[in-house]
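J.: Before anything else, here's the structure in question.
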Amino acid sequence: MAYLDNIAVFVRVVELSNLSAAGRDMRISPAVVSNRIKELEKHLGVRLFNRTTRQLTPTEHGTVFYAGAKQVLEAITMAEAAVSALSGQPRGTIRVTAPLGLGRRLIASGIPEFRDKYPDIEVRLRLSDHDVDMMKEGIDVAFRLGVLEDSSLRMRGIMNCERVLVAAPAYLEARGEPTGPDQLVGGGHDCLMLRYPGMREHFWTLKTPSGPAKFEVRGPFDSDDGDVLTGWALSGRGIINKPRFEVEPFIRDRRLKVILPDTPPIPVQLAAVYPHKKLQDPKVRLLLDFMAERCQRLINNLLAGK
């Protein structure tokens, strides 16, 4: 097992390009990571990484070994999954990611309950509004609000979610309530945008009488955390484009008001995304079933004011 552990550490170091990051991911110290890499290099008789003060990259030998090592680990994972299916006792670790707001409201609070039902399954949750490279970072399941763009992944749709444009009454009193989507562009209003490095969309797509249309909105503030945008909107700083379930409590208590209800944003799909092989893993199927039912129930409760 020590040799397999060394291989697993090596694979994570390649994928994360950092000893410390691999250590945090595997819950071991950077010193242990370094020692295991050295043991593997000694066993193979080659250097696996080129090391500088700022960068860690695999050597030619390391690149070749990574391809084979990855296949070995995947084969072991699938063999363990097959045994779990036969025994009816799924076990192991699932790495999960979700956007911050969605993750806090719907996913994180369900993980302890999932663990109570399946005590041999460990869930590691990472919340981020950034796009996460699932393959590079070893993610098993990603809960997303949006479309699937990576054709190498599979998607399980959970539900379509209505989106709304909302702003605080104080903002609308000061700036005036827009009567059409064209008033959102050209600096007429402050639109609070979710932005992060590598983000592809810098516009809002709204339903219009002639069909969906993109509007290049702008504003003085943007953030990579959707809940920060909600906080700014609540303080009267601008207009936000949000799934209705996230802001329904604020709409109900009149801290936020829906604007342009006749030209709303297009709905967004809540879905679970995963590498295609992962659906063969019983513990992944259990998590997908559990979270899909839970998300549907909680979103409907939020919209109903429960």
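Ordered as shown in the structure tokens, chains take letters A, B, and onward, while each chain numbers its residues from 1 and ligands are numbered from 1 in the order shown.
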Which residues of segment 87-128 of chain A come within 12 Å of segment 280-287 of chain A, and what is each one's closest atom pair and distance in Å (one decimal), counting only C-alpha atoms, sorted by chain and residue number, as CSV?
T.:
```
residue,atom,partner,partner_atom,distance
A:Ser87,CA,A:Pro282,CA,10.7
A:Gly88,CA,A:Pro282,CA,8.7
A:Gln89,CA,A:Pro282,CA,9.0
A:Pro90,CA,A:Lys283,CA,5.5
A:Arg91,CA,A:Lys283,CA,6.8
A:Gly92,CA,A:Lys283,CA,7.8
A:Thr93,CA,A:Lys283,CA,8.5
A:Ile94,CA,A:Val284,CA,7.1
A:Arg95,CA,A:Val284,CA,9.7
A:Val96,CA,A:Leu287,CA,9.8
A:Ile107,CA,A:Leu287,CA,10.5
A:Gly110,CA,A:Leu287,CA,10.1
A:Ile111,CA,A:Leu287,CA,9.1
A:Pro112,CA,A:Leu287,CA,11.9
A:Glu113,CA,A:Leu287,CA,11.0
A:Phe114,CA,A:Leu287,CA,7.6
A:Arg115,CA,A:Leu287,CA,9.9
A:Lys117,CA,A:Leu286,CA,10.2
A:Tyr118,CA,A:Lys283,CA,8.8
A:Pro119,CA,A:Lys283,CA,11.2
A:Asp120,CA,A:Lys283,CA,9.6
A:Ile121,CA,A:Lys283,CA,7.2
A:Glu122,CA,A:Lys283,CA,9.7
A:Val123,CA,A:Leu287,CA,9.3
```
J.: Once DSSP has gone over the backbone, tell me which residues of segment 80-263 of chain A are in strand (DSSP E or B), as a compact mmCIF listing (two decimals) with all heavy atoms, in the first residue's frame.
T.:
```
# COMPACT_ATOMS: atom_id res chain seq x y z
N GLY A 92 -15.54 5.23 0.88
CA GLY A 92 -14.52 6.00 0.19
C GLY A 92 -14.78 7.49 0.29
O GLY A 92 -15.61 7.96 1.09
N THR A 93 -14.07 8.26 -0.53
CA THR A 93 -14.12 9.72 -0.49
C THR A 93 -14.73 10.27 -1.77
O THR A 93 -14.42 9.79 -2.87
CB THR A 93 -12.71 10.30 -0.31
OG1 THR A 93 -12.16 9.82 0.93
CG2 THR A 93 -12.74 11.83 -0.28
N ILE A 94 -15.60 11.28 -1.64
CA ILE A 94 -16.15 11.99 -2.78
C ILE A 94 -15.74 13.44 -2.68
O ILE A 94 -15.97 14.08 -1.65
CB ILE A 94 -17.69 11.90 -2.83
CG1 ILE A 94 -18.17 10.45 -2.74
CG2 ILE A 94 -18.21 12.54 -4.12
CD1 ILE A 94 -19.68 10.33 -2.68
N ARG A 95 -15.13 13.96 -3.73
CA ARG A 95 -14.76 15.39 -3.76
C ARG A 95 -15.85 16.14 -4.53
O ARG A 95 -16.16 15.82 -5.67
CB ARG A 95 -13.40 15.57 -4.43
CG ARG A 95 -12.25 15.03 -3.59
CD ARG A 95 -10.91 15.26 -4.29
NE ARG A 95 -9.79 14.92 -3.43
CZ ARG A 95 -9.29 13.70 -3.29
NH1 ARG A 95 -9.81 12.68 -3.97
NH2 ARG A 95 -8.27 13.48 -2.49
N VAL A 96 -16.41 17.15 -3.87
CA VAL A 96 -17.57 17.87 -4.38
C VAL A 96 -17.27 19.36 -4.43
O VAL A 96 -16.58 19.89 -3.54
CB VAL A 96 -18.81 17.62 -3.49
CG1 VAL A 96 -20.01 18.40 -4.00
CG2 VAL A 96 -19.12 16.13 -3.42
N THR A 97 -17.77 20.03 -5.46
CA THR A 97 -17.66 21.48 -5.51
C THR A 97 -19.01 22.08 -5.88
O THR A 97 -19.85 21.42 -6.49
CB THR A 97 -16.58 21.92 -6.53
OG1 THR A 97 -16.39 23.35 -6.43
CG2 THR A 97 -16.98 21.58 -7.95
N ALA A 98 -19.21 23.34 -5.49
CA ALA A 98 -20.46 24.05 -5.77
C ALA A 98 -20.20 25.55 -5.68
O ALA A 98 -19.25 25.98 -5.01
CB ALA A 98 -21.56 23.65 -4.78
N ILE A 121 -18.78 6.84 3.89
CA ILE A 121 -18.47 7.74 2.78
C ILE A 121 -18.05 9.09 3.33
O ILE A 121 -18.78 9.70 4.13
CB ILE A 121 -19.68 7.91 1.84
CG1 ILE A 121 -20.11 6.56 1.26
CG2 ILE A 121 -19.32 8.88 0.70
CD1 ILE A 121 -21.35 6.65 0.39
N GLU A 122 -16.89 9.56 2.93
CA GLU A 122 -16.38 10.86 3.35
C GLU A 122 -16.55 11.85 2.21
O GLU A 122 -16.20 11.55 1.07
CB GLU A 122 -14.90 10.74 3.73
CG GLU A 122 -14.26 12.04 4.16
CD GLU A 122 -12.80 11.86 4.53
OE1 GLU A 122 -12.43 10.76 5.00
OE2 GLU A 122 -12.03 12.81 4.35
N VAL A 123 -17.12 13.02 2.50
CA VAL A 123 -17.35 14.04 1.49
C VAL A 123 -16.45 15.24 1.77
O VAL A 123 -16.43 15.77 2.88
CB VAL A 123 -18.81 14.50 1.46
CG1 VAL A 123 -19.02 15.56 0.38
CG2 VAL A 123 -19.74 13.31 1.20
N ARG A 124 -15.70 15.66 0.77
CA ARG A 124 -14.86 16.85 0.87
C ARG A 124 -15.46 17.92 -0.04
O ARG A 124 -15.50 17.76 -1.26
CB ARG A 124 -13.42 16.54 0.48
CG ARG A 124 -12.77 15.50 1.40
CD ARG A 124 -11.32 15.30 1.06
NE ARG A 124 -10.72 14.22 1.84
CZ ARG A 124 -9.47 13.80 1.69
NH1 ARG A 124 -8.69 14.36 0.78
NH2 ARG A 124 -9.00 12.81 2.43
N LEU A 125 -15.90 19.00 0.55
CA LEU A 125 -16.62 20.04 -0.18
C LEU A 125 -15.75 21.27 -0.39
O LEU A 125 -15.13 21.77 0.55
CB LEU A 125 -17.88 20.44 0.60
CG LEU A 125 -18.71 21.58 0.01
CD1 LEU A 125 -19.29 21.19 -1.34
CD2 LEU A 125 -19.82 21.97 0.99
N ARG A 126 -15.74 21.76 -1.61
CA ARG A 126 -15.05 23.00 -1.94
C ARG A 126 -16.07 23.95 -2.56
O ARG A 126 -16.71 23.62 -3.56
CB ARG A 126 -13.91 22.76 -2.93
CG ARG A 126 -13.27 24.05 -3.40
CD ARG A 126 -12.20 23.79 -4.44
NE ARG A 126 -11.73 25.03 -5.00
CZ ARG A 126 -10.89 25.12 -6.04
NH1 ARG A 126 -10.45 24.00 -6.60
NH2 ARG A 126 -10.51 26.28 -6.50
N LEU A 127 -16.24 25.12 -1.97
CA LEU A 127 -17.16 26.12 -2.48
C LEU A 127 -16.39 27.22 -3.18
O LEU A 127 -15.44 27.78 -2.64
CB LEU A 127 -18.00 26.72 -1.34
CG LEU A 127 -18.85 25.74 -0.54
CD1 LEU A 127 -19.67 26.49 0.50
CD2 LEU A 127 -19.76 24.93 -1.44
N VAL A 141 -17.88 15.36 -8.31
CA VAL A 141 -19.20 15.91 -8.61
C VAL A 141 -19.14 17.42 -8.44
O VAL A 141 -18.63 17.92 -7.43
CB VAL A 141 -20.30 15.34 -7.69
CG1 VAL A 141 -21.64 15.98 -8.03
CG2 VAL A 141 -20.39 13.83 -7.81
N ALA A 142 -19.67 18.15 -9.43
CA ALA A 142 -19.79 19.61 -9.32
C ALA A 142 -21.25 19.99 -9.49
O ALA A 142 -21.90 19.58 -10.46
CB ALA A 142 -18.95 20.30 -10.39
N PHE A 143 -21.79 20.73 -8.53
CA PHE A 143 -23.13 21.27 -8.65
C PHE A 143 -23.01 22.65 -9.27
O PHE A 143 -22.24 23.49 -8.78
CB PHE A 143 -23.82 21.32 -7.30
CG PHE A 143 -24.11 19.96 -6.74
CD1 PHE A 143 -23.21 19.34 -5.90
CD2 PHE A 143 -25.26 19.27 -7.10
CE1 PHE A 143 -23.45 18.07 -5.39
CE2 PHE A 143 -25.51 17.99 -6.60
CZ PHE A 143 -24.60 17.39 -5.75
N ARG A 144 -23.75 22.88 -10.35
CA ARG A 144 -23.58 24.12 -11.10
C ARG A 144 -24.92 24.72 -11.47
O ARG A 144 -25.91 24.01 -11.65
CB ARG A 144 -22.77 23.87 -12.38
CG ARG A 144 -21.31 23.51 -12.13
CD ARG A 144 -20.59 23.27 -13.43
NE ARG A 144 -19.17 22.99 -13.21
CZ ARG A 144 -18.33 22.60 -14.17
NH1 ARG A 144 -18.78 22.43 -15.40
NH2 ARG A 144 -17.06 22.38 -13.89
N LEU A 145 -24.91 26.04 -11.61
CA LEU A 145 -26.03 26.78 -12.16
C LEU A 145 -25.58 27.30 -13.52
O LEU A 145 -24.84 28.27 -13.61
CB LEU A 145 -26.42 27.94 -11.25
CG LEU A 145 -27.15 27.58 -9.96
CD1 LEU A 145 -27.13 28.74 -8.98
CD2 LEU A 145 -28.59 27.18 -10.26
N LEU A 153 -17.57 15.68 -19.93
CA LEU A 153 -18.29 15.47 -18.68
C LEU A 153 -19.74 15.08 -18.96
O LEU A 153 -20.26 15.28 -20.06
CB LEU A 153 -18.26 16.73 -17.82
CG LEU A 153 -16.86 17.23 -17.42
CD1 LEU A 153 -16.98 18.59 -16.73
CD2 LEU A 153 -16.15 16.24 -16.53
N ARG A 154 -20.39 14.53 -17.96
CA ARG A 154 -21.81 14.19 -18.05
C ARG A 154 -22.58 15.09 -17.09
O ARG A 154 -22.03 15.57 -16.10
CB ARG A 154 -22.03 12.72 -17.69
CG ARG A 154 -21.36 11.76 -18.65
CD ARG A 154 -21.99 11.82 -20.03
NE ARG A 154 -21.38 10.88 -20.94
CZ ARG A 154 -20.37 11.15 -21.75
NH1 ARG A 154 -19.85 12.36 -21.74
NH2 ARG A 154 -19.90 10.24 -22.56
N MET A 155 -23.87 15.29 -17.39
CA MET A 155 -24.67 16.19 -16.57
C MET A 155 -25.99 15.53 -16.20
O MET A 155 -26.63 14.87 -17.02
CB MET A 155 -24.97 17.49 -17.33
CG MET A 155 -25.77 18.50 -16.52
SD MET A 155 -26.11 20.02 -17.45
CE MET A 155 -27.42 19.42 -18.54
N ARG A 156 -26.38 15.69 -14.94
CA ARG A 156 -27.70 15.28 -14.49
C ARG A 156 -28.47 16.54 -14.10
O ARG A 156 -28.13 17.22 -13.13
CB ARG A 156 -27.60 14.34 -13.29
CG ARG A 156 -28.95 14.03 -12.66
CD ARG A 156 -28.86 12.97 -11.61
NE ARG A 156 -30.10 12.85 -10.86
CZ ARG A 156 -30.32 11.91 -9.93
NH1 ARG A 156 -29.38 11.02 -9.66
NH2 ARG A 156 -31.47 11.85 -9.30
N GLY A 157 -29.48 16.87 -14.87
CA GLY A 157 -30.28 18.03 -14.57
C GLY A 157 -31.09 17.81 -13.30
O GLY A 157 -31.65 16.73 -13.09
N ILE A 158 -31.16 18.83 -12.46
CA ILE A 158 -31.92 18.74 -11.22
C ILE A 158 -33.22 19.55 -11.32
O ILE A 158 -34.30 19.04 -11.07
CB ILE A 158 -31.07 19.21 -10.03
CG1 ILE A 158 -29.87 18.26 -9.85
CG2 ILE A 158 -31.90 19.27 -8.75
CD1 ILE A 158 -28.88 18.69 -8.78
N MET A 159 -33.12 20.82 -11.73
CA MET A 159 -34.33 21.62 -11.96
C MET A 159 -33.94 22.93 -12.63
O MET A 159 -32.80 23.39 -12.51
CB MET A 159 -35.08 21.88 -10.65
CG MET A 159 -34.36 22.74 -9.65
SD MET A 159 -35.27 22.88 -8.06
CE MET A 159 -36.83 23.60 -8.57
N ASN A 160 -34.90 23.51 -13.35
CA ASN A 160 -34.71 24.83 -13.92
C ASN A 160 -35.06 25.87 -12.87
O ASN A 160 -36.07 25.73 -12.16
CB ASN A 160 -35.58 25.02 -15.17
CG ASN A 160 -35.05 24.26 -16.36
OD1 ASN A 160 -33.84 24.10 -16.52
ND2 ASN A 160 -35.95 23.78 -17.21
N CYS A 161 -34.24 26.91 -12.78
CA CYS A 161 -34.42 27.93 -11.75
C CYS A 161 -34.69 29.28 -12.39
O CYS A 161 -33.90 29.76 -13.23
CB CYS A 161 -33.16 28.02 -10.88
SG CYS A 161 -32.75 26.49 -10.01
N ARG A 163 -34.73 33.17 -12.82
CA ARG A 163 -33.84 34.26 -12.43
C ARG A 163 -34.61 35.57 -12.44
O ARG A 163 -35.58 35.73 -13.20
CB ARG A 163 -32.63 34.36 -13.36
CG ARG A 163 -31.70 33.18 -13.30
CD ARG A 163 -30.51 33.37 -14.21
NE ARG A 163 -29.58 34.35 -13.68
CZ ARG A 163 -28.50 34.05 -12.96
NH1 ARG A 163 -28.21 32.80 -12.69
NH2 ARG A 163 -27.70 34.99 -12.53
N VAL A 164 -34.17 36.52 -11.63
CA VAL A 164 -34.83 37.82 -11.55
C VAL A 164 -33.78 38.91 -11.45
O VAL A 164 -32.65 38.69 -11.00
CB VAL A 164 -35.79 37.91 -10.33
CG1 VAL A 164 -37.01 37.06 -10.54
CG2 VAL A 164 -35.05 37.54 -9.04
N LEU A 165 -34.17 40.10 -11.91
CA LEU A 165 -33.39 41.31 -11.67
C LEU A 165 -34.00 42.01 -10.46
O LEU A 165 -35.23 42.25 -10.42
CB LEU A 165 -33.43 42.24 -12.87
CG LEU A 165 -32.90 41.69 -14.19
CD1 LEU A 165 -33.00 42.74 -15.29
CD2 LEU A 165 -31.46 41.21 -14.05
N VAL A 166 -33.19 42.33 -9.47
CA VAL A 166 -33.70 42.97 -8.26
C VAL A 166 -32.78 44.11 -7.84
O VAL A 166 -31.58 44.12 -8.14
CB VAL A 166 -33.84 41.97 -7.09
CG1 VAL A 166 -34.92 40.93 -7.39
CG2 VAL A 166 -32.51 41.27 -6.81
N ALA A 167 -33.37 45.05 -7.13
CA ALA A 167 -32.62 46.17 -6.56
C ALA A 167 -33.35 46.63 -5.30
O ALA A 167 -34.53 46.35 -5.11
CB ALA A 167 -32.51 47.31 -7.56
N CYS A 191 -25.14 48.02 -12.63
CA CYS A 191 -25.41 46.59 -12.60
C CYS A 191 -24.22 45.89 -11.94
O CYS A 191 -23.06 46.09 -12.35
CB CYS A 191 -25.63 46.06 -14.01
SG CYS A 191 -27.08 46.80 -14.82
N MET A 193 -21.91 42.89 -11.15
CA MET A 193 -21.56 41.72 -11.97
C MET A 193 -20.70 40.73 -11.21
O MET A 193 -19.83 41.11 -10.42
CB MET A 193 -20.80 42.16 -13.21
CG MET A 193 -21.57 43.12 -14.11
SD MET A 193 -22.95 42.32 -14.94
CE MET A 193 -22.06 41.28 -16.09
N LEU A 194 -20.96 39.45 -11.47
CA LEU A 194 -20.09 38.38 -11.00
C LEU A 194 -18.97 38.23 -12.01
O LEU A 194 -19.21 37.92 -13.18
CB LEU A 194 -20.87 37.07 -10.86
CG LEU A 194 -20.08 35.87 -10.35
CD1 LEU A 194 -19.74 36.04 -8.88
CD2 LEU A 194 -20.89 34.58 -10.55
N TRP A 204 -25.77 40.25 -19.61
CA TRP A 204 -26.97 39.59 -19.11
C TRP A 204 -27.84 39.23 -20.30
O TRP A 204 -28.02 40.05 -21.21
CB TRP A 204 -27.74 40.53 -18.18
CG TRP A 204 -27.10 40.70 -16.82
CD1 TRP A 204 -26.07 39.96 -16.32
CD2 TRP A 204 -27.45 41.66 -15.82
NE1 TRP A 204 -25.75 40.40 -15.06
CE2 TRP A 204 -26.58 41.44 -14.72
CE3 TRP A 204 -28.40 42.65 -15.74
CZ2 TRP A 204 -26.64 42.20 -13.57
CZ3 TRP A 204 -28.47 43.43 -14.59
CH2 TRP A 204 -27.60 43.20 -13.51
N THR A 205 -28.37 38.03 -20.31
CA THR A 205 -29.28 37.59 -21.36
C THR A 205 -30.70 37.63 -20.83
O THR A 205 -31.03 36.93 -19.86
CB THR A 205 -28.94 36.17 -21.84
OG1 THR A 205 -27.58 36.12 -22.27
CG2 THR A 205 -29.84 35.76 -23.00
N LEU A 206 -31.54 38.47 -21.44
CA LEU A 206 -32.90 38.68 -20.98
C LEU A 206 -33.89 38.21 -22.03
O LEU A 206 -33.60 38.20 -23.23
CB LEU A 206 -33.14 40.16 -20.68
CG LEU A 206 -32.14 40.87 -19.74
CD1 LEU A 206 -32.58 42.31 -19.52
CD2 LEU A 206 -32.01 40.14 -18.42
N LYS A 207 -35.08 37.82 -21.57
CA LYS A 207 -36.18 37.48 -22.48
C LYS A 207 -36.79 38.78 -23.00
O LYS A 207 -37.12 39.68 -22.23
CB LYS A 207 -37.25 36.69 -21.75
CG LYS A 207 -36.83 35.31 -21.28
CD LYS A 207 -38.01 34.63 -20.58
CE LYS A 207 -37.66 33.25 -20.08
NZ LYS A 207 -38.81 32.60 -19.38
N THR A 208 -36.94 38.87 -24.32
CA THR A 208 -37.58 40.04 -24.93
C THR A 208 -38.68 39.54 -25.87
O THR A 208 -38.71 38.34 -26.20
CB THR A 208 -36.56 40.89 -25.70
OG1 THR A 208 -36.16 40.18 -26.89
CG2 THR A 208 -35.34 41.20 -24.85
N GLY A 211 -37.28 37.46 -28.52
CA GLY A 211 -36.45 36.33 -28.13
C GLY A 211 -35.34 36.76 -27.18
O GLY A 211 -35.21 37.95 -26.85
N PRO A 212 -34.51 35.80 -26.73
CA PRO A 212 -33.41 36.14 -25.81
C PRO A 212 -32.45 37.15 -26.45
O PRO A 212 -32.09 37.02 -27.62
CB PRO A 212 -32.72 34.80 -25.57
CG PRO A 212 -33.76 33.77 -25.89
CD PRO A 212 -34.58 34.36 -26.99
N ALA A 213 -32.03 38.14 -25.67
CA ALA A 213 -31.11 39.17 -26.15
C ALA A 213 -30.05 39.43 -25.09
O ALA A 213 -30.33 39.41 -23.90
CB ALA A 213 -31.87 40.45 -26.49
N LYS A 214 -28.82 39.68 -25.56
CA LYS A 214 -27.72 39.96 -24.66
C LYS A 214 -27.58 41.47 -24.46
O LYS A 214 -27.64 42.25 -25.42
CB LYS A 214 -26.41 39.40 -25.23
CG LYS A 214 -26.40 37.88 -25.33
CD LYS A 214 -25.09 37.39 -25.94
CE LYS A 214 -25.08 35.86 -26.04
NZ LYS A 214 -23.82 35.36 -26.66
N PHE A 215 -27.37 41.85 -23.22
CA PHE A 215 -27.21 43.26 -22.88
C PHE A 215 -25.87 43.45 -22.16
O PHE A 215 -25.63 42.82 -21.13
CB PHE A 215 -28.36 43.73 -21.99
CG PHE A 215 -29.68 43.76 -22.71
CD1 PHE A 215 -30.46 42.61 -22.78
CD2 PHE A 215 -30.13 44.91 -23.34
CE1 PHE A 215 -31.67 42.61 -23.46
CE2 PHE A 215 -31.34 44.93 -24.01
CZ PHE A 215 -32.12 43.78 -24.07
N ASP A 222 -17.79 44.91 -9.05
CA ASP A 222 -17.97 43.50 -9.40
C ASP A 222 -17.21 42.67 -8.38
O ASP A 222 -16.36 43.16 -7.65
CB ASP A 222 -17.51 43.19 -10.83
CG ASP A 222 -16.05 43.50 -11.09
OD1 ASP A 222 -15.18 42.91 -10.41
OD2 ASP A 222 -15.76 44.33 -11.97
N SER A 223 -17.57 41.39 -8.29
CA SER A 223 -16.96 40.50 -7.30
C SER A 223 -16.98 39.08 -7.82
O SER A 223 -17.77 38.74 -8.72
CB SER A 223 -17.73 40.58 -5.97
OG SER A 223 -17.22 39.64 -5.03
N ILE A 239 -28.14 46.94 -9.19
CA ILE A 239 -29.07 45.89 -9.63
C ILE A 239 -28.29 44.58 -9.77
O ILE A 239 -27.16 44.57 -10.28
CB ILE A 239 -29.70 46.27 -10.97
CG1 ILE A 239 -30.46 47.60 -10.85
CG2 ILE A 239 -30.63 45.17 -11.48
CD1 ILE A 239 -30.87 48.19 -12.19
N ILE A 240 -28.90 43.48 -9.34
CA ILE A 240 -28.28 42.18 -9.49
C ILE A 240 -29.20 41.23 -10.26
O ILE A 240 -30.42 41.39 -10.28
CB ILE A 240 -27.90 41.53 -8.14
CG1 ILE A 240 -29.10 41.48 -7.18
CG2 ILE A 240 -26.72 42.26 -7.51
CD1 ILE A 240 -28.82 40.70 -5.91
N ASN A 241 -28.58 40.25 -10.88
CA ASN A 241 -29.25 39.20 -11.65
C ASN A 241 -29.02 37.90 -10.90
O ASN A 241 -27.90 37.40 -10.84
CB ASN A 241 -28.63 39.16 -13.05
CG ASN A 241 -29.20 38.06 -13.92
OD1 ASN A 241 -29.89 37.16 -13.46
ND2 ASN A 241 -28.88 38.12 -15.21
N LYS A 242 -30.11 37.35 -10.29
CA LYS A 242 -29.93 36.23 -9.37
C LYS A 242 -31.00 35.16 -9.57
O LYS A 242 -32.13 35.47 -9.94
CB LYS A 242 -30.05 36.74 -7.92
CG LYS A 242 -28.80 37.39 -7.38
CD LYS A 242 -27.79 36.33 -7.00
CE LYS A 242 -26.60 36.91 -6.28
NZ LYS A 242 -25.73 35.84 -5.77
N PRO A 243 -30.66 33.89 -9.26
CA PRO A 243 -31.73 32.89 -9.15
C PRO A 243 -32.73 33.34 -8.09
O PRO A 243 -32.34 33.79 -7.01
CB PRO A 243 -30.98 31.62 -8.72
CG PRO A 243 -29.57 31.84 -9.16
CD PRO A 243 -29.33 33.31 -9.03
N LYS A 257 -36.61 44.59 -4.65
CA LYS A 257 -37.79 44.63 -5.51
C LYS A 257 -37.43 44.08 -6.88
O LYS A 257 -36.37 44.41 -7.44
CB LYS A 257 -38.29 46.07 -5.64
CG LYS A 257 -39.52 46.19 -6.54
CD LYS A 257 -39.98 47.63 -6.68
CE LYS A 257 -41.20 47.71 -7.61
NZ LYS A 257 -41.64 49.12 -7.80
N VAL A 258 -38.31 43.25 -7.43
CA VAL A 258 -38.11 42.73 -8.78
C VAL A 258 -38.37 43.85 -9.78
O VAL A 258 -39.40 44.56 -9.69
CB VAL A 258 -39.05 41.55 -9.06
CG1 VAL A 258 -38.89 41.08 -10.51
CG2 VAL A 258 -38.77 40.40 -8.11
N ILE A 259 -37.45 44.03 -10.73
CA ILE A 259 -37.62 45.03 -11.78
C ILE A 259 -37.68 44.34 -13.14
O ILE A 259 -37.23 43.20 -13.29
CB ILE A 259 -36.49 46.08 -11.75
CG1 ILE A 259 -35.14 45.42 -12.06
CG2 ILE A 259 -36.44 46.80 -10.41
CD1 ILE A 259 -34.02 46.42 -12.29
```
J.: Find, counting only C-alpha atoms, the residue in A:Gly238, A:Val273, A:Glu137, A:Phe245 that gets nearest to Leu106 of chain A.
T.: A:Phe245
J.: Please, what distance in Å, to one decimal, runs between atom CA of Asp224 of chain A and atom CA of Asp129 of chain A?
T.: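 Calculated distance between atom CA of Asp224 of chain A and atom CA of Asp129 of chain A is 6.2 Å.
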J.: Identify, on the basis of only C-alpha atoms, every residue whose closest approach to His61 of chain A does not exceed 8 Å; exclude the query and any residue fewer than 5 positions from it along the same chain; express the result as an MDAnalysis selection string.
T.: chainID A and resid 46:48
J.: Which residues in segment 213-279 of chain A does DSSP call alpha helix (DSSP H)? List them as number ranges by chain.
T.: A: 226-234, 244-252
J.: Could you jot down the atom CA of Leu19 of chain A to atom CA of His276 of chain A separation for me, Å, one decimal place?
T.: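 Going from atom CA of Leu19 of chain A over to atom CA of His276 of chain A covers 28.3 Å.
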J.: Considering only C-alpha atoms, can you say which of A:Leu256, A:Leu303, A:Ala168, A:Met291 comes closest to Gly236 of chain A?
T.: A:Ala168
J.: Find the distance between atom CA of Asp25 of chain A and atom CA of Val64 of chain A and write it in Å to one decimal.
T.: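 Taking atom CA of Asp25 of chain A and atom CA of Val64 of chain A, their separation equals 23.1 Å.
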